[in-house]
Amino acid sequence: MASRTWRYVSRYVNPEETIKEIEGYYGRITSSPVFFGYWARVSIYKVALRDVEENLHSLLEERTCSCGLTLRKDQDPKKILSSKHHRNHTTLENEPNPKFRGKVGRRITMPLQRDEWQHEVDVLWDLLIESE
């Protein structure tokens with residue numbers, strides 16, 4: 001029997017709650033090292049939260065959509081745009097006609113990066129959207 005070409009991850013379900021948990025863990029940030037640790041953990045969930053709030057789908061990892069849909073490593077990331085397995089961010093029910101975010105430019109960021117720096121996932125997403 002052939003293995004499925006997709007699966008779901010749960011780490012991006014309810015990003016608002018995850019952000020609150022991270023903020024609770026770090027409390028009041030009083031130093032640069034603590035800030036960098038906080039930012040490293042929370043930044044991707046802030047990007048996911050925007051997708052939830054705007055009901056749009058986009059990549060958060062090389063083969064993982066903000067709805068949790070994940071392709072196998074051997075699959076072309078472009079297949080994320082044609083997959084019939086996307087789900088609603090909130091209800092987690094199948095979403096047959098997902099709306100995809102347009103080009104994102106510099107969305108996933110890290111502190112102290114130069115202005116022209118772009119995360120590799122943002123670069124990939126822009127290329128996928130551009131080729132559609």
# chains A, B, ... in the order shown; residues from 1 in each chain; ligands from 1

call {"tool": "closest_atom_pairs", "arguments": {"of": "stretch 34-59 of chain A", "to": "stretch 81-91 of chain A", "cutoff": "12 Å", "atoms": "only C-alpha atoms", "output": "tab-separated table"}}
result
residue	atom	partner	partner_atom	distance
A:Ala48	CA	A:His89	CA	9.5
A:Leu49	CA	A:His89	CA	9.5
A:Arg50	CA	A:His89	CA	10.9
A:Asp51	CA	A:His89	CA	8.2
A:Val52	CA	A:His89	CA	5.8
A:Glu53	CA	A:His89	CA	9.1
A:Glu54	CA	A:His89	CA	10.1
A:Asn55	CA	A:His89	CA	7.2
A:Leu56	CA	A:His89	CA	8.7
A:His57	CA	A:His86	CA	8.5
A:Ser58	CA	A:Leu81	CA	8.9
A:Leu59	CA	A:Leu81	CA	9.8

call {"tool": "residues_around", "arguments": {"residues": "A:Asp122", "least_positions_apart": "3", "cutoff": "7 Å", "atoms": "only C-alpha atoms", "output": "PDB file with N, CA, C and O atoms, in the first residue's frame"}}
result
ATOM      1  N   VAL A 104       5.049  37.398  -0.307  1.00  0.00           N
ATOM      2  CA  VAL A 104       5.203  37.834   1.078  1.00  0.00           C
ATOM      3  C   VAL A 104       6.418  38.713   1.319  1.00  0.00           C
ATOM      4  O   VAL A 104       6.482  39.396   2.335  1.00  0.00           O
ATOM      5  N   GLY A 105       7.383  38.679   0.438  1.00  0.00           N
ATOM      6  CA  GLY A 105       8.576  39.493   0.661  1.00  0.00           C
ATOM      7  C   GLY A 105       9.309  39.053   1.907  1.00  0.00           C
ATOM      8  O   GLY A 105       9.721  37.913   2.038  1.00  0.00           O
ATOM      9  N   ARG A 106       9.414  39.951   2.865  1.00  0.00           N
ATOM     10  CA  ARG A 106      10.150  39.680   4.108  1.00  0.00           C
ATOM     11  C   ARG A 106       9.143  39.533   5.249  1.00  0.00           C
ATOM     12  O   ARG A 106       8.807  40.487   5.922  1.00  0.00           O
ATOM     13  N   ARG A 107       8.673  38.335   5.477  1.00  0.00           N
ATOM     14  CA  ARG A 107       7.641  38.080   6.472  1.00  0.00           C
ATOM     15  C   ARG A 107       8.198  37.359   7.687  1.00  0.00           C
ATOM     16  O   ARG A 107       7.956  37.764   8.820  1.00  0.00           O
ATOM     17  N   ILE A 108       8.918  36.289   7.504  1.00  0.00           N
ATOM     18  CA  ILE A 108       9.548  35.573   8.612  1.00  0.00           C
ATOM     19  C   ILE A 108      10.886  36.270   8.858  1.00  0.00           C
ATOM     20  O   ILE A 108      11.761  36.242   8.008  1.00  0.00           O
ATOM     21  N   GLN A 118      16.066  37.774   3.413  1.00  0.00           N
ATOM     22  CA  GLN A 118      14.758  37.126   3.322  1.00  0.00           C
ATOM     23  C   GLN A 118      14.902  35.685   3.773  1.00  0.00           C
ATOM     24  O   GLN A 118      15.830  34.991   3.356  1.00  0.00           O
ATOM     25  N   HIS A 119      13.991  35.212   4.605  1.00  0.00           N
ATOM     26  CA  HIS A 119      14.009  33.830   5.061  1.00  0.00           C
ATOM     27  C   HIS A 119      13.815  32.914   3.854  1.00  0.00           C
ATOM     28  O   HIS A 119      13.070  33.230   2.928  1.00  0.00           O
ATOM     29  N   TRP A 125       8.182  30.651  -1.086  1.00  0.00           N
ATOM     30  CA  TRP A 125       6.764  30.980  -1.280  1.00  0.00           C
ATOM     31  C   TRP A 125       6.589  31.992  -2.415  1.00  0.00           C
ATOM     32  O   TRP A 125       5.726  31.824  -3.277  1.00  0.00           O
ATOM     33  N   ASP A 126       7.411  33.028  -2.436  1.00  0.00           N
ATOM     34  CA  ASP A 126       7.313  34.024  -3.496  1.00  0.00           C
ATOM     35  C   ASP A 126       7.557  33.393  -4.863  1.00  0.00           C
ATOM     36  O   ASP A 126       6.869  33.714  -5.836  1.00  0.00           O
TER      37      ASP A 126
END

call {"tool": "select_by_dssp", "arguments": {"residues": "chain A", "states": "alpha helix (DSSP H)", "output": "ChimeraX atom specification"}}
result
/A:15-26,32-54,120-131

call {"tool": "closest_residue", "arguments": {"among": "A:Met110, A:Ser66, A:Ile80, A:Val9", "to": "A:Arg41", "atoms": "only C-alpha atoms"}}
result
A:Met110

call {"tool": "closest_residue", "arguments": {"among": "A:Gly24, A:Tyr38, A:Pro33, A:Tyr8", "to": "A:Glu93", "atoms": "only C-alpha atoms"}}
result
A:Tyr8

call {"tool": "select_by_dssp", "arguments": {"residues": "chain A", "states": "strand (DSSP E)", "output": "ChimeraX atom specification"}}
result
/A:6-8,59-61,64-65,69-71

call {"tool": "residues_around", "arguments": {"residues": "A:Ile129", "least_positions_apart": "2", "cutoff": "9 Å", "atoms": "only C-alpha atoms", "output": "compact mmCIF listing (two decimals) with C-alpha atoms, in the first residue's frame"}}
result
# COMPACT_ATOMS: atom_id res chain seq x y z
CA LYS A 78 4.74 23.43 -5.48
CA LEU A 81 -0.77 24.90 -4.14
CA PHE A 100 -3.50 31.64 -0.83
CA ARG A 101 -1.50 34.60 0.38
CA GLY A 102 0.24 36.50 -2.41
CA LYS A 103 3.93 37.26 -2.44
CA LEU A 124 10.35 29.77 -1.80
CA TRP A 125 6.76 30.98 -1.28
CA ASP A 126 7.31 34.02 -3.50
CA LEU A 127 8.77 31.79 -6.23
CA SER A 131 5.12 30.70 -11.09
CA GLU A 132 1.35 30.18 -10.76

call {"tool": "residues_around", "arguments": {"residues": "A:Ile22", "least_positions_apart": "4", "cutoff": "7 Å", "atoms": "only C-alpha atoms", "output": "PyMOL selection string"}}
result
chain A and resi 18+26+42

call {"tool": "atom_distance", "arguments": {"atom1": "atom CA of A:Asn14", "atom2": "atom CA of A:Tyr45"}}
result
9.0 Å
